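Coordinates as given in input_33.txt (compact mmCIF, C-alpha atoms and all ligand atoms):
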```
# COMPACT_ATOMS: atom_id res chain seq x y z
CA MET C 1 178.87 99.57 -123.91
CA PRO C 2 181.63 101.94 -122.82
CA GLN C 3 185.23 100.78 -123.16
CA VAL C 4 186.00 102.01 -119.66
CA THR C 5 183.63 102.57 -116.74
CA ILE C 6 184.79 104.50 -113.69
CA ILE C 7 183.00 104.10 -110.36
CA GLY C 8 183.18 107.39 -108.46
CA ALA C 9 183.58 111.00 -109.65
CA GLY C 10 186.06 112.18 -107.02
CA PRO C 11 189.67 113.30 -107.60
CA ALA C 12 190.84 109.76 -108.52
CA GLY C 13 187.96 108.93 -110.88
CA LEU C 14 187.86 112.32 -112.63
CA THR C 15 191.64 112.46 -113.07
CA ALA C 16 191.57 108.96 -114.55
CA ALA C 17 188.75 110.01 -116.91
CA ARG C 18 190.74 113.02 -118.08
CA THR C 19 193.87 110.90 -118.65
CA LEU C 20 191.92 108.36 -120.70
CA ARG C 21 190.24 111.09 -122.76
CA ASP C 22 193.60 112.76 -123.43
CA ALA C 23 194.91 109.41 -124.71
CA GLY C 24 192.14 109.33 -127.31
CA ILE C 25 189.75 106.96 -125.52
CA HIS C 26 186.35 108.52 -125.91
CA ASP C 27 183.80 105.96 -124.77
CA ILE C 28 184.34 106.46 -121.04
CA LEU C 29 181.50 106.46 -118.54
CA VAL C 30 181.85 107.82 -115.00
CA LEU C 31 179.18 106.70 -112.52
CA GLU C 32 178.54 108.83 -109.44
CA ARG C 33 175.91 108.12 -106.79
CA ASN C 34 175.66 111.76 -105.66
CA PRO C 35 173.69 114.43 -107.55
CA GLU C 36 176.98 116.22 -108.39
CA ALA C 37 180.42 115.10 -109.47
CA GLY C 38 183.52 116.17 -107.51
CA GLY C 39 183.71 113.70 -104.61
CA LEU C 40 184.59 114.58 -101.02
CA PRO C 41 186.16 118.02 -101.72
CA ARG C 42 182.75 119.47 -102.64
CA PHE C 43 181.89 120.27 -99.02
CA ALA C 44 185.29 121.00 -97.45
CA ALA C 45 185.42 124.76 -98.03
CA HIS C 46 188.79 125.43 -96.41
CA PRO C 47 191.93 125.82 -98.56
CA GLY C 48 194.38 122.94 -99.05
CA TRP C 49 193.38 121.38 -102.34
CA GLY C 50 194.92 121.06 -105.81
CA MET C 51 198.59 121.49 -104.92
CA LEU C 52 199.97 118.23 -106.26
CA ASP C 53 197.83 117.84 -109.38
CA PHE C 54 197.03 121.44 -110.45
CA HIS C 55 199.88 123.23 -108.61
CA ARG C 56 197.33 125.59 -107.11
CA LEU C 57 195.95 126.14 -103.62
CA TRP C 58 192.17 126.06 -103.81
CA SER C 59 189.22 125.48 -101.52
CA GLY C 60 187.57 122.04 -101.79
CA PRO C 61 184.55 123.22 -103.83
CA THR C 62 186.80 125.13 -106.30
CA TYR C 63 189.01 122.07 -106.65
CA ALA C 64 185.97 119.85 -107.27
CA LYS C 65 184.72 122.27 -109.93
CA ARG C 66 188.11 122.35 -111.65
CA LEU C 67 188.28 118.54 -111.67
CA VAL C 68 184.89 118.36 -113.37
CA GLU C 69 185.83 121.07 -115.89
CA ALA C 70 189.12 119.33 -116.66
CA ALA C 71 187.19 116.12 -117.48
CA LYS C 72 185.01 117.97 -120.02
CA GLY C 73 183.77 115.72 -122.81
CA VAL C 74 183.56 112.62 -120.59
CA THR C 75 180.06 111.31 -119.83
CA ILE C 76 179.36 111.53 -116.09
CA ALA C 77 176.14 109.87 -114.95
CA THR C 78 175.23 111.33 -111.53
CA ASN C 79 172.51 109.94 -109.21
CA THR C 80 173.77 106.56 -110.36
CA THR C 81 174.96 103.94 -107.89
CA VAL C 82 176.87 100.80 -108.77
CA THR C 83 175.24 98.08 -106.70
CA ALA C 84 177.26 95.04 -107.74
CA VAL C 85 180.38 94.01 -109.63
CA HIS C 86 180.59 90.74 -111.58
CA PRO C 87 183.49 88.95 -113.27
CA GLY C 88 184.80 90.36 -116.54
CA GLY C 89 183.76 94.03 -116.05
CA VAL C 90 179.98 93.59 -115.69
CA LEU C 91 178.29 96.07 -113.34
CA GLU C 92 174.81 96.34 -111.91
CA VAL C 93 173.77 99.95 -111.78
CA SER C 94 170.81 101.76 -110.27
CA GLY C 95 169.85 105.26 -111.44
CA LEU C 96 166.84 107.53 -111.67
CA ASP C 97 165.72 105.57 -114.74
CA GLY C 98 165.87 102.21 -112.91
CA GLN C 99 168.29 99.29 -112.93
CA ARG C 100 170.60 98.21 -115.73
CA ARG C 101 173.72 96.18 -116.47
CA ILE C 102 176.81 97.76 -117.98
CA GLU C 103 179.65 95.77 -119.45
CA SER C 104 183.00 97.34 -120.27
CA ARG C 105 186.48 96.16 -121.17
CA ALA C 106 187.92 97.83 -118.07
CA VAL C 107 186.41 99.15 -114.83
CA LEU C 108 188.16 101.51 -112.43
CA LEU C 109 187.04 101.42 -108.79
CA ALA C 110 187.51 104.95 -107.42
CA ALA C 111 184.82 104.91 -104.73
CA GLY C 112 186.82 106.70 -101.99
CA ILE C 113 186.45 106.25 -98.24
CA ARG C 114 184.15 106.99 -95.34
CA GLU C 115 184.76 107.88 -91.72
CA MET C 116 183.94 105.23 -89.15
CA PRO C 117 180.39 105.88 -87.89
CA ARG C 118 179.26 105.68 -84.27
CA GLY C 119 177.93 102.11 -84.50
CA ALA C 120 181.24 100.70 -85.71
CA ARG C 121 183.14 102.53 -82.92
CA LEU C 122 181.12 100.62 -80.29
CA LEU C 123 180.56 103.71 -78.12
CA SER C 124 178.36 103.37 -75.08
CA GLY C 125 175.70 105.77 -73.81
CA THR C 126 172.40 107.03 -75.18
CA ARG C 127 171.68 107.74 -78.84
CA PRO C 128 170.68 111.40 -79.00
CA TRP C 129 170.69 113.59 -82.11
CA GLY C 130 173.89 115.57 -82.76
CA VAL C 131 176.46 112.78 -83.20
CA MET C 132 177.97 112.84 -86.67
CA ASN C 133 181.07 112.44 -88.82
CA THR C 134 182.96 115.33 -90.43
CA GLY C 135 181.63 114.60 -93.92
CA ALA C 136 177.98 114.78 -92.75
CA PHE C 137 178.71 117.93 -90.72
CA GLN C 138 180.30 119.70 -93.69
CA GLU C 139 177.52 118.67 -96.07
CA MET C 140 174.94 119.93 -93.55
CA VAL C 141 176.75 123.26 -93.26
CA TYR C 142 177.76 123.94 -96.85
CA ARG C 143 174.90 122.28 -98.68
CA GLY C 144 172.05 122.64 -96.23
CA GLY C 145 173.11 125.92 -94.55
CA GLN C 146 172.38 124.36 -91.13
CA LEU C 147 173.92 124.89 -87.71
CA PRO C 148 173.72 121.44 -86.08
CA PHE C 149 175.34 122.46 -82.75
CA ARG C 150 177.29 125.27 -81.07
CA ARG C 151 179.63 123.52 -78.59
CA PRO C 152 180.50 120.08 -79.97
CA MET C 153 183.24 117.77 -78.69
CA VAL C 154 185.62 116.76 -81.49
CA ILE C 155 186.88 113.18 -81.27
CA GLY C 156 190.17 112.48 -83.07
CA THR C 157 193.18 114.46 -84.21
CA GLU C 158 193.73 113.30 -87.79
CA LEU C 159 194.04 115.89 -90.55
CA VAL C 160 190.29 115.64 -91.13
CA SER C 161 189.67 116.63 -87.50
CA PHE C 162 191.32 119.97 -88.23
CA SER C 163 189.09 120.29 -91.31
CA ALA C 164 186.14 119.97 -88.88
CA LEU C 165 187.62 122.75 -86.71
CA LEU C 166 187.88 125.02 -89.75
CA THR C 167 184.23 124.37 -90.61
CA ALA C 168 183.31 125.22 -87.02
CA GLN C 169 185.28 128.44 -87.33
CA HIS C 170 183.44 129.24 -90.58
CA LEU C 171 180.16 128.83 -88.67
CA GLY C 172 181.40 131.08 -85.85
CA ILE C 173 181.11 128.28 -83.28
CA ARG C 174 183.82 126.87 -80.99
CA PRO C 175 184.13 123.17 -80.04
CA VAL C 176 184.55 122.55 -76.29
CA ALA C 177 187.69 120.50 -76.97
CA MET C 178 189.37 118.10 -79.32
CA ILE C 179 190.36 114.80 -77.70
CA GLU C 180 192.77 112.06 -78.66
CA ALA C 181 193.25 108.71 -76.93
CA ALA C 182 196.93 108.46 -77.97
CA PRO C 183 199.67 110.43 -76.20
CA ARG C 184 200.19 112.72 -79.22
CA ILE C 185 198.01 114.09 -82.02
CA THR C 186 197.77 111.95 -85.14
CA ALA C 187 198.19 114.80 -87.66
CA ARG C 188 201.46 116.58 -88.09
CA ARG C 189 202.49 119.21 -85.62
CA PRO C 190 201.90 122.13 -85.24
CA GLY C 191 198.22 121.12 -85.74
CA ASP C 192 197.67 121.10 -81.97
CA TRP C 193 199.31 124.52 -81.59
CA ILE C 194 197.09 125.97 -84.34
CA ALA C 195 193.98 124.42 -82.76
CA ARG C 196 194.82 125.91 -79.34
CA HIS C 197 196.25 129.28 -80.23
CA VAL C 198 194.63 130.19 -83.57
CA LEU C 199 191.24 128.49 -83.32
CA GLY C 200 190.93 128.63 -79.52
CA VAL C 201 190.09 124.92 -79.14
CA PRO C 202 191.76 122.98 -76.27
CA VAL C 203 193.48 119.79 -77.45
CA ARG C 204 193.61 116.96 -74.88
CA THR C 205 195.72 113.93 -75.67
CA GLY C 206 195.63 110.72 -73.60
CA THR C 207 191.86 111.26 -73.32
CA ARG C 208 189.32 108.70 -74.50
CA LEU C 209 185.60 109.09 -75.10
CA THR C 210 183.71 106.48 -73.09
CA ARG C 211 180.07 107.59 -73.12
CA ILE C 212 177.66 109.95 -74.83
CA GLU C 213 174.80 111.37 -72.73
CA GLY C 214 171.54 113.10 -73.64
CA LEU C 215 167.97 112.16 -74.53
CA ASP C 216 166.82 114.12 -77.58
CA ARG C 217 170.05 116.08 -78.03
CA VAL C 218 173.60 115.49 -76.87
CA GLU C 219 174.05 116.95 -73.37
CA ALA C 220 177.51 115.73 -72.35
CA VAL C 221 180.27 113.22 -72.95
CA VAL C 222 182.17 111.20 -70.39
CA VAL C 223 185.90 110.89 -71.03
CA GLU C 224 188.65 108.89 -69.37
CA HIS C 225 192.24 110.07 -68.81
CA ALA C 226 195.15 109.52 -66.44
CA GLY C 227 193.33 111.54 -63.75
CA GLY C 228 190.15 109.39 -63.89
CA THR C 229 186.80 110.03 -65.60
CA GLU C 230 185.28 113.41 -66.33
CA ARG C 231 181.86 114.55 -67.57
CA ILE C 232 182.06 117.43 -70.05
CA ALA C 233 178.95 119.33 -71.14
CA CYS C 234 178.57 119.77 -74.92
CA ASP C 235 175.72 119.81 -77.47
CA GLY C 236 177.20 117.61 -80.20
CA VAL C 237 179.86 115.00 -80.90
CA LEU C 238 181.97 115.10 -84.05
CA LEU C 239 183.47 111.67 -84.71
CA THR C 240 186.34 112.43 -87.06
CA GLY C 241 188.60 110.20 -89.10
CA ARG C 242 189.27 106.48 -88.58
CA PHE C 243 188.63 106.09 -92.28
CA VAL C 244 187.67 102.88 -94.01
CA PRO C 245 187.78 102.36 -97.79
CA GLU C 246 184.38 102.33 -99.50
CA ALA C 247 185.08 98.76 -100.59
CA ALA C 248 181.64 97.21 -100.12
CA LEU C 249 181.42 96.44 -103.84
CA ALA C 250 184.71 94.55 -103.83
CA ARG C 251 183.81 92.74 -100.60
CA ALA C 252 180.35 91.71 -101.73
CA GLY C 253 181.64 90.74 -105.16
CA HIS C 254 184.43 88.50 -106.34
CA LEU C 255 187.43 90.83 -105.85
CA ASP C 256 190.14 90.11 -103.27
CA VAL C 257 190.18 92.53 -100.34
CA ASP C 258 193.32 93.09 -98.25
CA HIS C 259 192.93 92.73 -94.46
CA GLY C 260 195.43 95.48 -93.71
CA THR C 261 194.13 98.24 -95.99
CA ALA C 262 190.49 96.99 -96.01
CA GLY C 263 190.47 97.98 -99.70
CA PRO C 264 190.70 95.89 -102.89
CA ALA C 265 194.08 94.21 -103.31
CA ILE C 266 195.94 95.40 -106.41
CA ASP C 267 199.17 94.72 -108.27
CA THR C 268 201.74 97.34 -109.20
CA LEU C 269 199.84 97.95 -112.47
CA TRP C 270 196.69 98.87 -110.42
CA ARG C 271 194.87 95.64 -111.36
CA CYS C 272 192.53 93.92 -108.93
CA SER C 273 192.34 90.13 -108.62
CA ASP C 274 190.04 90.16 -111.69
CA PRO C 275 192.19 91.92 -114.35
CA ALA C 276 189.11 93.63 -115.86
CA TYR C 277 189.05 95.73 -112.65
CA PHE C 278 191.52 98.40 -111.60
CA ALA C 279 191.44 100.53 -108.43
CA ALA C 280 192.85 103.92 -107.43
CA GLY C 281 192.48 106.63 -104.79
CA ASN C 282 191.23 106.27 -101.26
CA VAL C 283 189.27 103.10 -101.97
CA LEU C 284 192.68 101.43 -101.79
CA ARG C 285 193.41 102.32 -98.15
CA PRO C 286 192.43 104.70 -95.38
CA VAL C 287 192.72 108.36 -96.37
CA GLU C 288 195.51 110.09 -98.25
CA HIS C 289 195.26 113.68 -99.45
CA SER C 290 193.45 114.42 -102.68
CA GLY C 291 196.59 114.97 -104.75
CA ALA C 292 197.80 111.44 -103.98
CA ALA C 293 194.38 110.03 -104.96
CA ALA C 294 194.33 112.07 -108.19
CA LEU C 295 197.82 110.95 -109.24
CA GLU C 296 196.90 107.34 -108.53
CA GLY C 297 193.86 107.84 -110.78
CA ARG C 298 196.17 109.12 -113.51
CA ASP C 299 198.58 106.18 -113.13
CA ALA C 300 195.77 103.61 -113.07
CA ALA C 301 194.36 105.17 -116.25
CA ARG C 302 197.78 104.81 -117.93
CA SER C 303 197.71 101.16 -117.03
CA ILE C 304 194.17 100.80 -118.41
CA ILE C 305 195.36 102.38 -121.69
CA ARG C 306 198.06 99.71 -121.90
CA ALA C 307 195.51 97.00 -121.04
CA LEU C 308 193.16 98.14 -123.83
CA ALA C 309 196.09 97.99 -126.26
CA GLY C 310 196.89 94.45 -125.07
CA GLU C 311 200.25 95.58 -123.71
CA LEU C 312 199.99 94.50 -120.07
CA PRO C 313 201.80 91.37 -118.89
CA PRO C 314 199.64 88.52 -117.51
CA SER C 315 198.12 89.29 -114.13
CA ASP C 316 198.82 85.88 -112.61
CA ALA C 317 202.63 86.17 -112.71
CA THR C 318 203.03 88.44 -109.69
CA VAL C 319 204.96 88.34 -106.42
CA PRO C 320 202.88 88.76 -103.23
CA VAL C 321 203.86 91.41 -100.68
CA THR C 322 203.33 90.74 -96.97
CA VAL C 323 203.99 92.90 -93.91
CA ALA C 324 205.51 92.05 -90.53
CA GLY C 325 206.80 93.66 -87.35
CA GLY C 326 204.58 96.69 -86.69
CA LEU C 327 203.50 97.62 -90.21
CA ARG C 328 199.76 98.03 -90.57
CA TYR C 329 199.73 97.42 -94.32
CA ALA C 330 201.63 97.73 -97.56
CA TYR C 331 200.18 98.15 -101.03
CA PRO C 332 200.15 97.28 -103.90
CA GLN C 333 199.81 93.79 -102.52
CA ARG C 334 201.36 92.12 -105.61
CA VAL C 335 204.41 93.15 -107.64
CA VAL C 336 204.61 92.61 -111.39
CA LEU C 337 208.26 91.83 -112.25
CA GLY C 338 210.16 93.38 -115.15
CA GLN C 339 208.18 96.64 -115.19
CA GLY C 340 210.96 99.04 -114.14
CA ALA C 341 210.77 101.40 -111.17
CA THR C 342 207.69 101.34 -108.98
CA GLN C 343 206.68 102.18 -105.41
CA LEU C 344 205.12 100.32 -102.55
CA TYR C 345 203.39 102.32 -99.83
CA ALA C 346 203.09 101.37 -96.18
CA ARG C 347 201.86 102.68 -92.86
CA VAL C 348 202.83 101.88 -89.30
CA LEU C 349 200.52 100.94 -86.44
CA GLN C 350 202.38 103.20 -83.97
CA GLU C 351 205.10 105.81 -84.12
CA HIS C 352 208.35 104.08 -85.11
CA ARG C 353 211.96 105.29 -85.04
CA GLY C 354 214.16 102.57 -86.44
CA ARG C 355 214.67 100.65 -89.65
CA LEU C 356 212.41 99.59 -92.46
CA ARG C 357 213.43 96.53 -94.45
CA LEU C 358 212.18 94.98 -97.63
CA MET C 359 213.09 91.33 -98.01
CA ALA C 360 212.86 89.14 -101.11
CA ASP C 361 212.67 85.47 -100.06
CA GLY C 362 214.56 86.31 -96.85
CA ARG C 363 217.25 88.43 -98.62
CA THR C 364 217.38 92.15 -97.71
CA ILE C 365 216.92 94.32 -100.80
CA LEU C 366 216.22 97.62 -99.01
CA ASP C 367 217.18 98.75 -95.52
CA ARG C 368 216.68 102.31 -94.38
CA VAL C 369 216.29 104.39 -91.25
CA ILE C 370 212.81 105.86 -90.79
CA HIS C 371 210.79 107.94 -88.38
CA ALA C 372 207.20 107.01 -89.17
CA LEU C 373 203.87 108.09 -87.73
CA PRO C 374 200.53 106.29 -88.26
CA GLU C 375 199.08 109.03 -90.46
CA ARG C 376 202.09 109.34 -92.76
CA ARG C 377 202.57 107.27 -95.84
CA ILE C 378 205.93 105.51 -96.17
CA ARG C 379 207.23 105.17 -99.73
CA ILE C 380 209.25 102.08 -100.56
CA PRO C 381 211.00 102.40 -103.93
CA LEU C 382 211.42 99.19 -105.87
CA ASP C 383 213.12 98.37 -109.16
CA THR C 384 211.13 95.44 -110.50
CA ASN C 385 213.78 94.74 -113.16
CA MET C 386 216.24 93.78 -110.41
CA LEU C 387 213.91 91.10 -109.04
CA THR C 388 213.99 88.30 -111.52
CA SER C 389 213.02 85.32 -109.42
CA ALA C 390 211.47 86.34 -106.08
CA SER C 391 208.50 84.36 -104.81
CA ARG C 392 207.60 86.64 -101.84
CA LEU C 393 208.40 90.15 -100.67
CA THR C 394 208.13 91.12 -97.01
CA ALA C 395 208.18 94.65 -95.65
CA GLU C 396 209.04 94.84 -91.94
CA LEU C 397 210.12 97.21 -89.19
CA ALA C 398 213.19 96.61 -87.05
C1 LIG P 1 186.51 116.31 -94.17
C2 LIG P 1 187.68 116.05 -95.07
C3 LIG P 1 188.62 117.05 -95.32
C4 LIG P 1 189.68 116.85 -96.17
N1 LIG P 1 190.57 117.85 -96.42
C5 LIG P 1 191.52 117.69 -97.36
C6 LIG P 1 192.36 118.78 -97.76
O1 LIG P 1 192.28 119.88 -97.22
N2 LIG P 1 193.25 118.57 -98.76
C7 LIG P 1 193.36 117.37 -99.40
O2 LIG P 1 194.19 117.24 -100.32
N3 LIG P 1 192.60 116.30 -99.04
C8 LIG P 1 191.70 116.44 -98.04
N4 LIG P 1 190.89 115.37 -97.70
C9 LIG P 1 191.10 114.07 -98.37
C10 LIG P 1 190.39 114.05 -99.75
O3 LIG P 1 189.04 114.35 -99.57
C11 LIG P 1 190.54 112.71 -100.41
O4 LIG P 1 191.90 112.37 -100.50
C12 LIG P 1 189.98 112.65 -101.83
O5 LIG P 1 188.65 113.12 -101.88
C13 LIG P 1 190.05 111.21 -102.34
O6 LIG P 1 189.59 111.14 -103.64
P1 LIG P 1 188.87 109.81 -104.21
O7 LIG P 1 188.53 110.12 -105.62
O8 LIG P 1 189.70 108.64 -103.92
O9 LIG P 1 187.56 109.64 -103.33
P2 LIG P 1 186.28 110.58 -103.06
O10 LIG P 1 186.61 112.01 -103.14
O11 LIG P 1 185.71 110.06 -101.79
O12 LIG P 1 185.30 110.22 -104.27
C14 LIG P 1 184.70 108.95 -104.39
C15 LIG P 1 183.38 109.12 -105.10
O13 LIG P 1 182.85 107.82 -105.38
C16 LIG P 1 181.45 107.87 -105.22
N5 LIG P 1 180.96 106.51 -104.99
C17 LIG P 1 181.26 105.69 -103.95
N6 LIG P 1 180.64 104.49 -104.09
C18 LIG P 1 179.92 104.57 -105.24
C19 LIG P 1 179.06 103.64 -105.92
N7 LIG P 1 178.83 102.40 -105.44
N8 LIG P 1 178.47 104.05 -107.07
C20 LIG P 1 178.71 105.31 -107.57
N9 LIG P 1 179.50 106.22 -106.96
C21 LIG P 1 180.12 105.84 -105.82
C22 LIG P 1 181.27 108.78 -104.01
O14 LIG P 1 179.96 109.31 -103.95
C23 LIG P 1 182.33 109.85 -104.24
O15 LIG P 1 181.85 110.96 -104.95
C24 LIG P 1 189.84 115.57 -96.80
C25 LIG P 1 188.91 114.54 -96.52
C26 LIG P 1 187.86 114.77 -95.67
C27 LIG P 1 186.89 113.66 -95.35
```

For the structure just supplied, provide its representation as structure tokens.
Amino acid sequence: MPQVTIIGAGPAGLTAARTLRDAGIHDILVLERNPEAGGLPRFAAHPGWGMLDFHRLWSGPTYAKRLVEAAKGVTIATNTTVTAVHPGGVLEVSGLDGQRRIESRAVLLAAGIREMPRGARLLSGTRPWGVMNTGAFQEMVYRGGQLPFRRPMVIGTELVSFSALLTAQHLGIRPVAMIEAAPRITARRPGDWIARHVLGVPVRTGTRLTRIEGLDRVEAVVVEHAGGTERIACDGVLLTGRFVPEAALARAGHLDVDHGTAGPAIDTLWRCSDPAYFAAGNVLRPVEHSGAAALEGRDAARSIIRALAGELPPSDATVPVTVAGGLRYAYPQRVVLGQGATQLYARVLQEHRGRLRLMADGRTILDRVIHALPERRIRIPLDTNMLTSASRLTAELA
């Protein structure tokens, strides 16, 4: 019976494991369903990893390796999937040696995210081979050494979409175009300039995929834009981004899930609705970069250390946080009072230039001018010692 079990050996889970080990907690078990630890970075071979947590600029596979090395001494069980969570820190686990139950004093959910697959995007057309998400494409390329297509159409312009372009460049292939339904790209500029002028891939905003054509293989896509519909020949479709937290365990189990983030709801001490469970990293909300996930893993581990020492305040005395007026979500969803400085994080549904307000029972406690984009995280600082008697916090745009 480990004291702490961590679900997921990505940046969040491995950083949490390292933090717990460094605090002298030795009976930690990390469970990872893949054959190797390291999480999503393992197959994203472009640079851009490790800046926030290691202060280095590595490729994804190097970063994954360094995370595993840094967690040396912690038991990591790979090929092991957690199939259910039960009250009080009891897990059902399936590995190469069969099924078992594991009970621990604390469990950290660090199961990451996945991109929205074709089925969930409700795309029309035929169902040929060659339609995939970025993660599957990169695994196919870097793990399997395969070349799934030569002229794919890239759907989406989130940061991950540019990761797909870099993988295409590594393969020596060039996507026919990258399309975005919104009037501007989702990632930061100059992403579109780099795509066009450095990678040679046209970027078309205001353009929506309506149909995929082809029998065995993808032959074309039909897109819609201000000028009407257009059929574009291509041999693959890369559906990038539109991430959803890998929160099936929380949803199927007894843990509260937030509608806005689609991840488990937590308080400002990283506790889920069952205080034996904590959560950190991308399982909490659609994608952030790996450094943010790793630092959340570290902070959640610090909270677990306090929980094991019996130092955490009760989990039922919290103030709920709700969102209004154009905010997609805010998390943590509950604030624990009297715990000093903390942060809430929020995202907008659409680009917003205006004000962001945080209200406590109708009283404004923060009011600031923001320029927010859907892919950028908004930080809302909060001093929980100043809030002695609030019953509800509301974050809203104006
Ligand atoms: C294509 C792509 C490119 C990216 N590029 C960058 C970049 O350049 N720089 C950057 O900083 N970030 C980048 N990101 C974001 C980065 O990958 C994530 O922020 C980071 O991996 C999140 O870490 P995590 O630990 O929360 O989740 P993950 O890395 O997703 O790890 C979660 C782990 O949990 C495991 N797991 C899930 N469910 C279970 C279960 N039931 N049982 C056991 N194990 C389970 C998964 O197998 C996985 O290994 C990119 C993301 C993608 C998809």

Return as an MDAnalysis selection string every polymer residue, whether protein, DNA or RNA, with at least one atom no more than 6 Å from an atom of ligand LIG 1 (chain P); count all atoms listed in the file. chainID C and resid 7:13 31:34 39:41 44 48:49 80:83 110:113 134:135 160 163 281:283 287:291 293

Just checking: using all atoms listed in the file, which residue out of C:Gly325, C:Gly362, C:Gly119, C:Pro313 ends up closest to Gly338 in chain C? C:Pro313

Polymer residues at most 10 Å from Glu375 in chain C, all atoms listed in the file, same-chain spacing of 4 or more positions, as number ranges by chain: C: 158-159, 185-188, 286-288, 347-351

Suppose you want the space between CA of Arg151 in chain C and CA of Tyr63 in chain C; what is it in Å?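 Value for the CA of Arg151 in chain C-CA of Tyr63 in chain C distance: 29.6 Å.
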
d(CA of Met153 in chain C, CA of Val176 in chain C) in Å: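 Those two atoms sit 5.5 Å apart.
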
Please, what distance in Å, to one decimal, runs between CA of Gly260 in chain C and CA of Val237 in chain C?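 Between these atoms lies a distance of 28.1 Å.
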
Determine, counting all atoms listed in the file, which protein, DNA and RNA residues have an atom within 10 Å of an atom of Gly145 in chain C; residues of the same chain fewer than 6 positions away are not included. Present the result as a tab-separated table (two decimals) with C-alpha atoms, in the frame of the given file.
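Output file result02.tsv is given in full below:
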```
chain	number	residue	atom	x	y	z
C	138	GLN	CA	180.30	119.70	-93.69
C	139	GLU	CA	177.52	118.67	-96.07
C	171	LEU	CA	180.16	128.83	-88.67
```

Using the file's own x, y and z axes, so that the box edges lie along x, y and z, what centre and edge lengths in Å (one decimal) does a box around every listed atom of range 206-214 of chain C get when 4 Å is added on each side? Give it as AutoDock Vina command-line options.
```
--center_x 183.6 --center_y 109.8 --center_z -73.9 --size_x 32.1 --size_y 14.6 --size_z 10.4
```

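The smallest atom-to-atom distance between Arg231 in chain C and any of C:Val323, C:Val336, C:Leu209, C:Leu249, using all atoms listed in the file, is found for C:Leu209.
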
Point out the residue among C:Leu255, C:Leu366, C:Ile25, C:Leu91 with the least atom-to-atom distance to Gly73 in chain C, counting only C-alpha atoms. C:Ile25

Excluding same-chain residues fewer than 4 positions from Leu356 in chain C, what lies within 9 Å of it counting only C-alpha atoms, as a PyMOL selection string? chain C and resi 366-370+395-398

Selection near Ile380 in chain C, 7 Å with all atoms listed in the file, sequence-local residues under 6 positions removed, as a PyMOL selection string: chain C and resi 343-345

Dump C-alpha atoms for the selected residues as a PDB file, in the frame of the given file?
```
ATOM      1  CA  GLN C 343     206.680 102.180-105.410  1.00  0.00           C
ATOM      2  CA  LEU C 344     205.120 100.320-102.550  1.00  0.00           C
ATOM      3  CA  TYR C 345     203.390 102.320 -99.830  1.00  0.00           C
TER       4      TYR C 345
END
```

Tell me, as a count of residues only, which residues lie within 8 Å of Arg127 in chain C, counting all atoms listed in the file; anything in the same chain fewer than 2 positions away does not count. 6

Between C:Glu219, C:Asp274, C:Glu180, C:Asp299, which residue has the minimum interatomic distance to Val154 in chain C, considering all atoms listed in the file? C:Glu180

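Checking C:Leu312, C:Met140, C:Leu239, C:Leu29 one by one against Leu337 in chain C, counting all atoms listed in the file, you find the shortest gap at C:Leu312.
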